[in-house]
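Participant: Below is the file protein.pdb, which contains PDB, C-alpha atoms.
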ATOM      1  CA  MET A   1      75.033  18.586  55.108
ATOM      2  CA  LEU A   2      72.503  16.003  56.290
ATOM      3  CA  ALA A   3      69.947  18.715  57.136
ATOM      4  CA  ALA A   4      70.332  20.351  53.733
ATOM      5  CA  SER A   5      69.787  17.018  51.979
ATOM      6  CA  GLY A   6      66.623  16.360  53.965
ATOM      7  CA  THR A   7      65.213  19.775  53.024
ATOM      8  CA  ALA A   8      65.866  19.210  49.323
ATOM      9  CA  ALA A   9      64.113  15.835  49.443
ATOM     10  CA  ALA A  10      61.075  17.333  51.130
ATOM     11  CA  GLN A  11      60.778  20.038  48.493
ATOM     12  CA  THR A  12      60.711  17.490  45.652
ATOM     13  CA  GLU A  13      58.179  15.175  47.312
ATOM     14  CA  PRO A  14      54.945  15.144  45.251
ATOM     15  CA  PHE A  15      52.067  17.113  46.728
ATOM     16  CA  LEU A  16      49.548  14.601  45.360
ATOM     17  CA  SER A  17      48.906  10.864  45.718
ATOM     18  CA  VAL A  18      46.364   8.886  43.670
ATOM     19  CA  THR A  19      44.662   5.524  44.187
ATOM     20  CA  ARG A  20      42.498   3.809  41.567
ATOM     21  CA  GLY A  21      39.909   1.215  42.503
ATOM     22  CA  ALA A  22      38.763  -1.815  40.506
ATOM     23  CA  GLY A  23      37.411  -0.744  37.125
ATOM     24  CA  ALA A  24      39.011   2.699  37.358
ATOM     25  CA  GLU A  25      42.388   1.717  35.903
ATOM     26  CA  SER A  26      41.764   4.055  32.938
ATOM     27  CA  CYS A  27      41.743   7.077  35.281
ATOM     28  CA  PRO A  28      45.016   9.056  35.595
ATOM     29  CA  ASP A  29      47.807   8.167  37.989
ATOM     30  CA  ALA A  30      49.555  10.750  40.181
ATOM     31  CA  ALA A  31      52.156  11.717  37.565
ATOM     32  CA  ARG A  32      49.522  12.267  34.885
ATOM     33  CA  LEU A  33      47.269  14.293  37.215
ATOM     34  CA  ILE A  34      50.148  16.472  38.414
ATOM     35  CA  GLU A  35      51.053  17.167  34.790
ATOM     36  CA  ARG A  36      47.472  18.250  34.016
ATOM     37  CA  VAL A  37      47.346  20.525  37.087
ATOM     38  CA  GLU A  38      50.647  22.190  36.190
ATOM     39  CA  GLN A  39      49.430  22.743  32.609
ATOM     40  CA  LEU A  40      46.318  24.484  33.927
ATOM     41  CA  ARG A  41      48.273  26.671  36.365
ATOM     42  CA  GLY A  42      51.028  27.437  33.854
ATOM     43  CA  ARG A  43      53.842  26.573  36.265
ATOM     44  CA  PRO A  44      55.115  23.595  38.277
ATOM     45  CA  GLU A  45      53.949  23.262  41.878
ATOM     46  CA  THR A  46      56.992  23.418  44.180
ATOM     47  CA  GLY A  47      55.628  24.852  47.408
ATOM     48  CA  ALA A  48      52.193  23.363  48.136
ATOM     49  CA  SER A  49      51.052  24.110  51.674
ATOM     50  CA  GLY A  50      49.529  20.641  52.104
ATOM     51  CA  SER A  51      49.152  17.238  50.522
ATOM     52  CA  TYR A  52      46.167  16.015  48.490
ATOM     53  CA  VAL A  53      44.843  12.467  48.212
ATOM     54  CA  VAL A  54      42.687  11.543  45.205
ATOM     55  CA  GLU A  55      40.783   8.257  44.951
ATOM     56  CA  PHE A  56      39.143   7.197  41.677
ATOM     57  CA  THR A  57      36.386   4.556  41.828
ATOM     58  CA  ARG A  58      34.140   2.944  39.221
ATOM     59  CA  GLU A  59      30.391   3.117  39.849
ATOM     60  CA  ALA A  60      27.402   1.584  38.096
ATOM     61  CA  ASP A  61      26.575   4.788  36.193
ATOM     62  CA  GLY A  62      30.059   6.267  35.711
ATOM     63  CA  PHE A  63      33.135   7.299  37.708
ATOM     64  CA  ARG A  64      33.716   9.095  41.048
ATOM     65  CA  ALA A  65      36.728  11.033  42.349
ATOM     66  CA  SER A  66      37.231  11.778  46.067
ATOM     67  CA  ILE A  67      39.649  14.616  46.858
ATOM     68  CA  ARG A  68      40.885  14.854  50.477
ATOM     69  CA  SER A  69      43.248  17.394  51.999
ATOM     70  CA  GLY A  70      43.817  19.209  55.245
ATOM     71  CA  SER A  71      41.132  21.730  54.265
ATOM     72  CA  GLY A  72      38.360  19.182  53.739
ATOM     73  CA  ALA A  73      37.018  16.724  51.201
ATOM     74  CA  ARG A  74      35.164  16.898  47.929
ATOM     75  CA  GLU A  75      33.576  14.384  45.555
ATOM     76  CA  LEU A  76      33.198  14.651  41.770
ATOM     77  CA  ARG A  77      31.038  12.351  39.632
ATOM     78  CA  ASP A  78      30.802  11.861  35.891
ATOM     79  CA  ARG A  79      28.094   9.729  34.274
ATOM     80  CA  SER A  80      30.235   8.746  31.310
ATOM     81  CA  ARG A  81      31.715   5.536  29.985
ATOM     82  CA  SER A  82      35.272   6.888  30.095
ATOM     83  CA  CYS A  83      37.300   8.667  32.771
ATOM     84  CA  ALA A  84      38.450  11.491  30.460
ATOM     85  CA  GLY A  85      35.827  14.006  31.590
ATOM     86  CA  LEU A  86      36.387  13.270  35.288
ATOM     87  CA  GLU A  87      40.164  13.570  34.814
ATOM     88  CA  GLN A  88      39.771  17.120  33.508
ATOM     89  CA  ALA A  89      37.317  18.084  36.276
ATOM     90  CA  THR A  90      39.645  16.705  38.961
ATOM     91  CA  ALA A  91      42.642  18.575  37.531
ATOM     92  CA  VAL A  92      40.721  21.873  37.430
ATOM     93  CA  THR A  93      39.477  21.388  41.017
ATOM     94  CA  LEU A  94      42.994  20.649  42.283
ATOM     95  CA  ALA A  95      44.317  23.744  40.491
ATOM     96  CA  LEU A  96      41.661  25.872  42.180
ATOM     97  CA  LEU A  97      42.406  24.305  45.575
ATOM     98  CA  LEU A  98      46.124  25.019  45.220
ATOM     99  CA  ASP A  99      45.446  28.641  44.222
ATOM    100  CA  SER A 100      42.931  29.074  47.060
ATOM    101  CA  ASP A 101      45.222  27.568  49.727
ATOM    102  CA  GLY A 102      48.200  29.591  48.474
ATOM    103  CA  GLN A 103      46.298  32.899  48.558
ATOM    104  CA  ALA A 104      44.902  32.177  52.039
ATOM    105  CA  SER A 105      48.313  31.411  53.528
ATOM    106  CA  SER A 106      50.613  33.974  51.865
ATOM    107  CA  PRO A 107      49.666  37.229  53.752
ATOM    108  CA  GLN A 108      50.090  35.773  57.254
ATOM    109  CA  GLY A 109      52.765  34.206  59.367
ATOM    110  CA  PRO A 110      53.507  30.507  59.786
ATOM    111  CA  GLY A 111      51.348  30.216  62.867
ATOM    112  CA  ALA A 112      48.181  31.275  61.088
ATOM    113  CA  GLU A 113      48.858  29.304  57.905
ATOM    114  CA  ALA A 114      47.504  25.945  59.061
ATOM    115  CA  ARG A 115      44.452  27.536  60.731
ATOM    116  CA  ASP A 116      43.461  29.486  57.586
ATOM    117  CA  ALA A 117      43.886  26.411  55.403
ATOM    118  CA  ARG A 118      41.495  24.445  57.609
ATOM    119  CA  ASP A 119      38.892  27.213  57.616
ATOM    120  CA  ALA A 120      39.047  28.001  53.891
ATOM    121  CA  PRO A 121      35.938  26.714  52.093
ATOM    122  CA  LEU A 122      36.370  24.449  49.114
ATOM    123  CA  PRO A 123      35.717  26.158  45.789
ATOM    124  CA  ALA A 124      32.537  25.531  43.873
ATOM    125  CA  PRO A 125      32.579  23.086  40.915
ATOM    126  CA  PRO A 126      34.623  24.585  38.091
ATOM    127  CA  ALA A 127      33.414  25.986  34.826
ATOM    128  CA  PRO A 128      34.471  24.120  31.650
ATOM    129  CA  ALA A 129      38.240  23.761  31.681
ATOM    130  CA  PRO A 130      40.373  26.562  30.210
ATOM    131  CA  SER A 131      43.019  25.897  27.589
ATOM    132  CA  PRO A 132      46.157  24.274  29.055
ATOM    133  CA  SER A 133      48.173  27.159  27.617
ATOM    134  CA  ALA A 134      46.378  29.749  29.774
ATOM    135  CA  SER A 135      48.845  31.838  31.777
ATOM    136  CA  ALA A 136      49.024  31.801  35.558
ATOM    137  CA  GLU A 137      47.987  35.466  35.667
ATOM    138  CA  ARG A 138      44.586  34.683  34.168
ATOM    139  CA  PRO A 139      42.434  33.494  37.111
ATOM    140  CA  LEU A 140      40.260  30.416  36.847
ATOM    141  CA  VAL A 141      36.570  31.168  37.304
ATOM    142  CA  ALA A 142      34.461  28.883  39.485
ATOM    143  CA  ARG A 143      30.687  28.735  39.152
ATOM    144  CA  PRO A 144      28.286  27.353  41.755
ATOM    145  CA  ALA A 145      26.568  24.083  40.926
ATOM    146  CA  PRO A 146      22.872  24.392  39.990
ATOM    147  CA  ALA A 147      20.335  23.338  42.568
ATOM    148  CA  GLY A 148      19.572  19.618  42.499
ATOM    149  CA  ALA A 149      22.717  18.718  40.546
ATOM    150  CA  GLY A 150      24.596  15.714  41.891
ATOM    151  CA  GLY A 151      27.927  16.661  43.452
ATOM    152  CA  GLY A 152      30.387  17.307  40.657
ATOM    153  CA  GLU A 153      28.443  16.066  37.626
ATOM    154  CA  ARG A 154      30.325  17.304  34.608
ATOM    155  CA  GLU A 155      28.995  19.173  31.640
ATOM    156  CA  ALA A 156      31.592  17.267  29.641
ATOM    157  CA  SER A 157      29.526  14.060  29.864
ATOM    158  CA  THR A 158      26.514  15.851  28.370
ATOM    159  CA  SER A 159      28.590  17.337  25.575
ATOM    160  CA  GLU A 160      30.085  13.920  24.837
ATOM    161  CA  ARG A 161      26.630  12.422  24.455
ATOM    162  CA  GLY A 162      25.629  15.308  22.201
ATOM    163  CA  ALA A 163      28.778  15.262  20.056
ATOM    164  CA  THR A 164      28.625  14.421  16.367
ATOM    165  CA  ARG A 165      28.614  10.666  15.835
ATOM    166  CA  LEU A 166      28.928   8.334  12.883
ATOM    167  CA  THR A 167      26.591   5.331  13.164
ATOM    168  CA  LEU A 168      26.313   2.001  11.363
ATOM    169  CA  THR A 169      23.186  -0.090  11.920
ATOM    170  CA  ALA A 170      22.111  -3.537  10.757
ATOM    171  CA  GLY A 171      19.200  -5.753  11.692
ATOM    172  CA  ALA A 172      15.896  -7.344  10.841
ATOM    173  CA  ALA A 173      12.647  -5.755   9.710
ATOM    174  CA  GLY A 174       9.073  -6.719   8.921
ATOM    175  CA  LEU A 175       7.028  -5.279   6.030
ATOM    176  CA  PHE A 176       3.284  -5.237   6.531
ATOM    177  CA  GLY A 177       0.805  -4.710   3.688
ATOM    178  CA  VAL A 178       3.330  -4.207   0.876
ATOM    179  CA  VAL A 179       3.621  -7.531  -0.997
ATOM    180  CA  ARG A 180       1.547  -9.608   1.450
ATOM    181  CA  PRO A 181       0.174  -9.195   4.994
ATOM    182  CA  PHE A 182       3.676  -9.815   6.441
ATOM    183  CA  ALA A 183       7.070 -10.290   4.832
ATOM    184  CA  PRO A 184      10.481 -10.423   6.603
ATOM    185  CA  ALA A 185      13.341  -8.221   5.446
ATOM    186  CA  LEU A 186      16.906  -7.195   6.316
ATOM    187  CA  SER A 187      18.066  -3.596   6.635
ATOM    188  CA  ALA A 188      21.307  -1.628   7.089
ATOM    189  CA  GLU A 189      22.051   2.103   7.439
ATOM    190  CA  LEU A 190      24.954   4.529   7.599
ATOM    191  CA  GLY A 191      24.156   7.716   9.517
ATOM    192  CA  ILE A 192      25.543  10.859  11.107
ATOM    193  CA  GLY A 193      24.027  13.083  13.775
ATOM    194  CA  GLY A 194      24.280  15.013  17.020
ATOM    195  CA  ALA A 195      22.241  15.737  20.129
ATOM    196  CA  ARG A 196      18.920  16.446  18.401
ATOM    197  CA  PHE A 197      19.169  15.678  14.692
ATOM    198  CA  ARG A 198      20.487  12.735  12.717
ATOM    199  CA  ALA A 199      20.255  11.561   9.130
ATOM    200  CA  ALA A 200      20.895   8.188   7.486
ATOM    201  CA  ILE A 201      21.002   6.418   4.150
ATOM    202  CA  GLY A 202      20.360   2.695   3.971
ATOM    203  CA  ALA A 203      19.285  -0.425   2.118
ATOM    204  CA  LEU A 204      16.299  -2.766   2.513
ATOM    205  CA  TRP A 205      16.235  -6.317   1.137
ATOM    206  CA  LEU A 206      12.987  -8.261   1.074
ATOM    207  CA  VAL A 207      13.224 -11.986   1.682
ATOM    208  CA  PRO A 208      11.743 -13.545  -1.528
ATOM    209  CA  GLN A 209       8.019 -14.284  -1.204
ATOM    210  CA  THR A 210       5.895 -16.848  -3.036
ATOM    211  CA  LEU A 211       2.167 -16.165  -3.492
ATOM    212  CA  GLU A 212      -0.199 -18.938  -4.583
ATOM    213  CA  LEU A 213      -2.619 -17.838  -7.284
ATOM    214  CA  GLY A 214      -4.934 -20.318  -9.034
ATOM    215  CA  PRO A 215      -2.989 -22.977 -10.920
ATOM    216  CA  GLY A 216       0.373 -21.231 -10.499
ATOM    217  CA  GLU A 217       2.271 -18.887  -8.259
ATOM    218  CA  LEU A 218       4.064 -15.536  -8.172
ATOM    219  CA  ARG A 219       7.540 -15.132  -6.728
ATOM    220  CA  GLU A 220       8.209 -11.556  -5.517
ATOM    221  CA  THR A 221      11.550  -9.988  -4.667
ATOM    222  CA  MET A 222      12.598  -6.428  -3.809
ATOM    223  CA  LEU A 223      15.850  -4.539  -3.209
ATOM    224  CA  GLY A 224      15.473  -0.957  -2.121
ATOM    225  CA  GLY A 225      17.040   1.953  -0.337
ATOM    226  CA  ALA A 226      15.962   4.583   2.148
ATOM    227  CA  VAL A 227      16.871   8.109   3.157
ATOM    228  CA  ARG A 228      15.544   9.413   6.450
ATOM    229  CA  ALA A 229      16.027  12.224   8.943
ATOM    230  CA  CYS A 230      15.179  12.050  12.641
ATOM    231  CA  PHE A 231      14.532  14.631  15.356
ATOM    232  CA  ALA A 232      14.843  13.746  19.065
ATOM    233  CA  ALA A 233      11.445  14.542  20.555
ATOM    234  CA  ALA A 234      12.550  13.422  24.040
ATOM    235  CA  GLY A 235      15.810  12.375  25.666
ATOM    236  CA  VAL A 236      19.353  12.975  24.425
ATOM    237  CA  GLY A 237      21.216  10.685  26.824
ATOM    238  CA  ALA A 238      21.252   6.891  27.075
ATOM    239  CA  LEU A 239      17.801   6.624  25.440
ATOM    240  CA  ARG A 240      16.183   8.949  22.914
ATOM    241  CA  PHE A 241      12.747   9.012  21.280
ATOM    242  CA  ASP A 242      12.890  10.187  17.672
ATOM    243  CA  VAL A 243      10.347  11.215  15.080
ATOM    244  CA  CYS A 244      11.620  10.298  11.602
ATOM    245  CA  SER A 245      10.594  10.641   7.982
ATOM    246  CA  GLY A 246      12.118  10.467   4.516
ATOM    247  CA  VAL A 247      11.532   8.223   1.519
ATOM    248  CA  HIS A 248      11.745   4.505   0.731
ATOM    249  CA  ALA A 249      12.400   3.432  -2.847
ATOM    250  CA  GLY A 250      12.892   0.007  -4.369
ATOM    251  CA  ARG A 251      12.572  -2.203  -7.410
ATOM    252  CA  LEU A 252       9.796  -4.759  -6.938
ATOM    253  CA  LYS A 253       9.862  -7.787  -9.234
ATOM    254  CA  ALA A 254       7.252 -10.540  -9.696
ATOM    255  CA  ALA A 255       7.904 -13.692 -11.744
ATOM    256  CA  ALA A 256       4.991 -15.985 -12.660
ATOM    257  CA  SER A 257       5.220 -19.760 -12.967
ATOM    258  CA  GLY A 258       2.691 -22.528 -13.565
ATOM    259  CA  PHE A 259       0.490 -20.478 -15.897
ATOM    260  CA  THR A 260      -0.160 -20.793 -19.627
ATOM    261  CA  ARG A 261       1.981 -17.689 -20.087
ATOM    262  CA  ASN A 262       4.690 -16.967 -17.558
ATOM    263  CA  ASP A 263       6.059 -13.415 -17.460
ATOM    264  CA  ALA A 264       8.301 -11.394 -15.140
ATOM    265  CA  VAL A 265       7.310  -7.811 -14.348
ATOM    266  CA  GLU A 266       9.230  -5.081 -12.498
ATOM    267  CA  LYS A 267       7.757  -1.997 -10.856
ATOM    268  CA  THR A 268       9.149   0.899  -8.845
ATOM    269  CA  TRP A 269       8.048   1.069  -5.219
ATOM    270  CA  LEU A 270       7.974   4.466  -3.490
ATOM    271  CA  ALA A 271       6.672   5.209  -0.001
ATOM    272  CA  VAL A 272       6.967   7.973   2.605
ATOM    273  CA  PRO A 273       7.538   6.741   6.197
ATOM    274  CA  ILE A 274       6.212   8.367   9.341
ATOM    275  CA  GLU A 275       8.277   6.705  12.045
ATOM    276  CA  LEU A 276       8.664   6.623  15.816
ATOM    277  CA  SER A 277      12.016   5.339  17.021
ATOM    278  CA  LEU A 278      13.510   4.368  20.401
ATOM    279  CA  ALA A 279      17.305   4.302  20.239
ATOM    280  CA  SER A 280      20.381   4.013  22.442
ATOM    281  CA  LEU A 281      23.174   5.896  20.658
ATOM    282  CA  ALA A 282      25.335   7.277  23.491
ATOM    283  CA  GLY A 283      27.919   4.488  23.623
ATOM    284  CA  PRO A 284      29.973   2.520  21.109
ATOM    285  CA  LEU A 285      27.267  -0.163  20.915
ATOM    286  CA  GLY A 286      23.522   0.390  21.080
ATOM    287  CA  PHE A 287      20.207  -0.510  19.506
ATOM    288  CA  GLU A 288      17.271   1.040  17.677
ATOM    289  CA  VAL A 289      13.650  -0.079  17.545
ATOM    290  CA  GLY A 290      11.441   1.637  14.972
ATOM    291  CA  ALA A 291       7.808   1.464  13.854
ATOM    292  CA  ALA A 292       6.792   3.358  10.719
ATOM    293  CA  ALA A 293       3.595   3.861   8.768
ATOM    294  CA  LEU A 294       4.349   3.613   5.024
ATOM    295  CA  VAL A 295       2.286   5.854   2.781
ATOM    296  CA  PRO A 296       2.824   4.543  -0.789
ATOM    297  CA  LEU A 297       3.102   7.083  -3.582
ATOM    298  CA  ARG A 298       1.917   4.332  -5.893
ATOM    299  CA  ARG A 299       0.425   0.961  -5.024
ATOM    300  CA  ASN A 300       1.986  -1.969  -6.900
ATOM    301  CA  ASP A 301      -0.403  -4.927  -7.016
ATOM    302  CA  PHE A 302       0.420  -7.797  -9.359
ATOM    303  CA  SER A 303      -2.309  -9.691 -11.216
ATOM    304  CA  VAL A 304      -2.567 -12.499 -13.755
ATOM    305  CA  ASP A 305      -4.937 -12.104 -16.670
ATOM    306  CA  GLY A 306      -7.973 -14.301 -16.270
ATOM    307  CA  VAL A 307      -6.985 -15.334 -12.737
ATOM    308  CA  GLY A 308      -6.993 -12.199 -10.552
ATOM    309  CA  VAL A 309      -4.827 -10.134  -8.215
ATOM    310  CA  ALA A 310      -2.192 -11.973  -6.189
ATOM    311  CA  TYR A 311      -2.413  -9.533  -3.249
ATOM    312  CA  ARG A 312      -4.339  -6.293  -2.951
ATOM    313  CA  SER A 313      -2.287  -3.966  -0.757
ATOM    314  CA  PRO A 314      -3.992  -1.569   1.702
ATOM    315  CA  PRO A 315      -3.697   2.246   1.366
ATOM    316  CA  VAL A 316      -1.110   2.350   4.177
ATOM    317  CA  GLY A 317       1.547  -0.248   4.996
ATOM    318  CA  ALA A 318       3.959  -0.540   7.902
ATOM    319  CA  LEU A 319       7.607  -1.257   8.626
ATOM    320  CA  VAL A 320       8.854  -2.501  12.026
ATOM    321  CA  SER A 321      12.599  -2.841  12.551
ATOM    322  CA  LEU A 322      15.091  -3.884  15.217
ATOM    323  CA  ARG A 323      18.726  -2.979  14.557
ATOM    324  CA  GLY A 324      22.031  -3.056  16.369
ATOM    325  CA  VAL A 325      24.000   0.203  16.296
ATOM    326  CA  GLY A 326      27.728   0.849  16.220
ATOM    327  CA  SER A 327      28.671   4.441  17.058
ATOM    328  CA  TRP A 328      31.895   6.457  16.740
ATOM    329  CA  LEU A 329      32.620  10.015  17.911
ATOM    330  CA  LEU A 330      33.860  12.349  15.179
TER     331      LEU A 330
END
Just give me the structure as structure tokens.
Facilitator:
Amino acid sequence: MLAASGTAAAQTEPFLSVTRGAGAESCPDAARLIERVEQLRGRPETGASGSYVVEFTREADGFRASIRSGSGARELRDRSRSCAGLEQATAVTLALLLDSDGQASSPQGPGAEARDARDAPLPAPPAPAPSPSASAERPLVARPAPAGAGGGEREASTSERGATRLTLTAGAAGLFGVVRPFAPALSAELGIGGARFRAAIGALWLVPQTLELGPGELRETMLGGAVRACFAAAGVGALRFDVCSGVHAGRLKAAASGFTRNDAVEKTWLAVPIELSLASLAGPLGFEVGAAALVPLRRNDFSVDGVGVAYRSPPVGALVSLRGVGSWLL
């Protein structure tokens, strides 16, 4: 009776143990990882030929998983801000290792089982994970890692960076050559985009400006909006360089005071931007720095009869902006 009880306990002992280092608490524990492996294989693991030790650690540029067993060791890395991609890669690798060790040991006797397990090479990094509902009869396909790729870097991290994101930006801007040589402004945008393209709609508010002119002055204000589209000319990861264009539109108002006749005049401001942008959009928080040439469709210079023009704008203006970015995966 005692021998039978000992055998039953050994059969139910988990084939996998997991340790998580500092900063890697979001990575899966042993129970979660075993569940993922059994989902991939389509059946519970009850007769593993060896034990597996997985260690998750947090690194400066992502997460790392070390897998050790009697047949060797393997490391997987994921340059992502979450452990979700590495969790899937580790589960797929363990499923392949279990299948490989089981196939190597089944045709031979007990004496050759341990020797074959030690000599069996570790499988190559897995292809993107199959559906958890895949049956055990459908084999998992492993593909060799491309030359120069860091051990175990996951395609999932690249797809996460290139997934569709909703962005909200807000920050400060400077208008050059529109109402005066320099005028500060505030801007905000709501956008959506993916790996290469993004589009946004936003608002631009000009800090009120006062221009001295002869015996009086002009006070200018503007509230406008913008629609723009951007294409990533370089980089789709942590930093990207975009080329953007669209249209800026606003209502420009000038109110005179201190003159014999004081009037208020409103004009429509339209300009086409040609912009270069440096942005960090991969994580939940980022930034964007942009510099745009503004080609006005109509120049709006205000003047006072008998006094002159308050400011004569150049043929091309400029807009420089610095914004903080909040980003959410859709």
Participant: Check which residues satisfy the PyMOL selection byres ((chain A and resi 223-225) around 8) in the file shown, then give them as a ChimeraX atom specification.
Facilitator: /A:201-206,221-222,226-227,248-252
Participant: Could I get the residues of stretch 192-215 of chain A with an atom no further than 12 Å from an atom of stretch 279-289 of chain A, each paired with its nearest atom pair and that distance in Å to one decimal, using only C-alpha atoms, sorted by chain and residue number, as a tab-separated table?
Facilitator:
residue	atom	partner	partner_atom	distance
A:Ile192	CA	A:Leu281	CA	11.0
A:Gly193	CA	A:Leu281	CA	10.0
A:Gly194	CA	A:Leu281	CA	9.9
A:Ala195	CA	A:Ala282	CA	9.6
A:Arg196	CA	A:Leu281	CA	11.6
A:Arg198	CA	A:Leu281	CA	10.8
Participant: Taking the file as shown, find all residues satisfying the PyMOL selection byres ((chain A and resi 270-275) around 6) and write them as a list in words.
Facilitator: Val243, Cys244, Ser245, Val247, His248, Ala249, Trp269, Leu276, Ala291, Ala292, Ala293, Leu294, Val295, Pro296 and Leu297 of chain A
Participant: Enumerate, as a ChimeraX atom specification, the protein, DNA and RNA residues whose atoms approach (32.3, 11.5, 20.3) to within 6 Å, taking into account only C-alpha atoms and the coordinate frame of the file.
Facilitator: /A:160,163,165,329-330
Participant: Output the selection as an mmCIF file, in the frame of the given file - C-alpha atoms for each residue.
Facilitator:
data_model
loop_
_atom_site.group_PDB
_atom_site.id
_atom_site.type_symbol
_atom_site.label_atom_id
_atom_site.label_comp_id
_atom_site.auth_asym_id
_atom_site.auth_seq_id
_atom_site.Cartn_x
_atom_site.Cartn_y
_atom_site.Cartn_z
ATOM 1 C CA GLU A 160 30.085 13.920 24.837
ATOM 2 C CA ALA A 163 28.778 15.262 20.056
ATOM 3 C CA ARG A 165 28.614 10.666 15.835
ATOM 4 C CA LEU A 329 32.620 10.015 17.911
ATOM 5 C CA LEU A 330 33.860 12.349 15.179
#
Participant: Quote the spacing between atom CA of A:Arg68 and atom CA of A:Glu25 in Å to one decimal place.
Facilitator: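 According to the coordinates, atom CA of A:Arg68 and atom CA of A:Glu25 are separated by 19.7 Å.
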Participant: Using Å and a single decimal, report how far atom CA of A:Arg20 sits from atom CA of A:Arg41.
Facilitator: 24.1 Å
Participant: Pick out the closest residue to A:Lys253 from this set: A:Val316, A:Ala233, A:Val179, A:Leu33. Count all atoms listed in the file.
Facilitator: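 Of all the options, A:Val179 lies closest to A:Lys253.
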Participant: Kindly give the distance, in Å, that separates atom CA of A:Arg36 and atom CA of A:Glu87, rounded to a single decimal.
Facilitator: 8.7 Å
Participant: Show me, as a list in words, the residues that have an atom within 10 Å of A:Ala173 when counting only C-alpha atoms, minus same-chain residues fewer than 4 positions from it.
Facilitator: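 Within the cut-off, the hits are Ala183, Pro184, Ala185, Leu186, Ser187, Ala188, Leu204, Trp205, Leu206, Val289, Gly290, Ala291, Leu319, Val320, Ser321, Leu322 and Arg323 of chain A.
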Participant: Name the closest residue to A:Pro181 among the candidates A:Ala24, A:Ala310, A:Leu239, A:Val265; distances are taken between atoms, counting all atoms listed in the file.
Facilitator: A:Ala310
Participant: Which is closer to A:Arg32 than all the others in A:Leu213, A:Ala84, A:Ala254, A:Ala229, using only C-alpha atoms?
Facilitator: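 Using only C-alpha atoms, the shortest distance to A:Arg32 belongs to A:Ala84.
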Participant: Looking at only C-alpha atoms, which of A:Ser327, A:Ser66, A:Ser277, A:Ser71 is the one that sits closest to A:Leu98?
Facilitator: A:Ser71
Participant: Tell me, as a count of residues only, which residues lie within 9 Å of A:Leu211, counting all atoms listed in the file; anything in the same chain fewer than 6 positions away does not count.
Facilitator: 7
Participant: Could you tell me which of A:Arg240, A:Arg43, A:Arg298, A:Arg58 comes closest to A:Ala22 if we count all atoms listed in the file?
Facilitator: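 Once distances to A:Ala22 are computed over all atoms listed in the file, the minimum belongs to A:Arg58.
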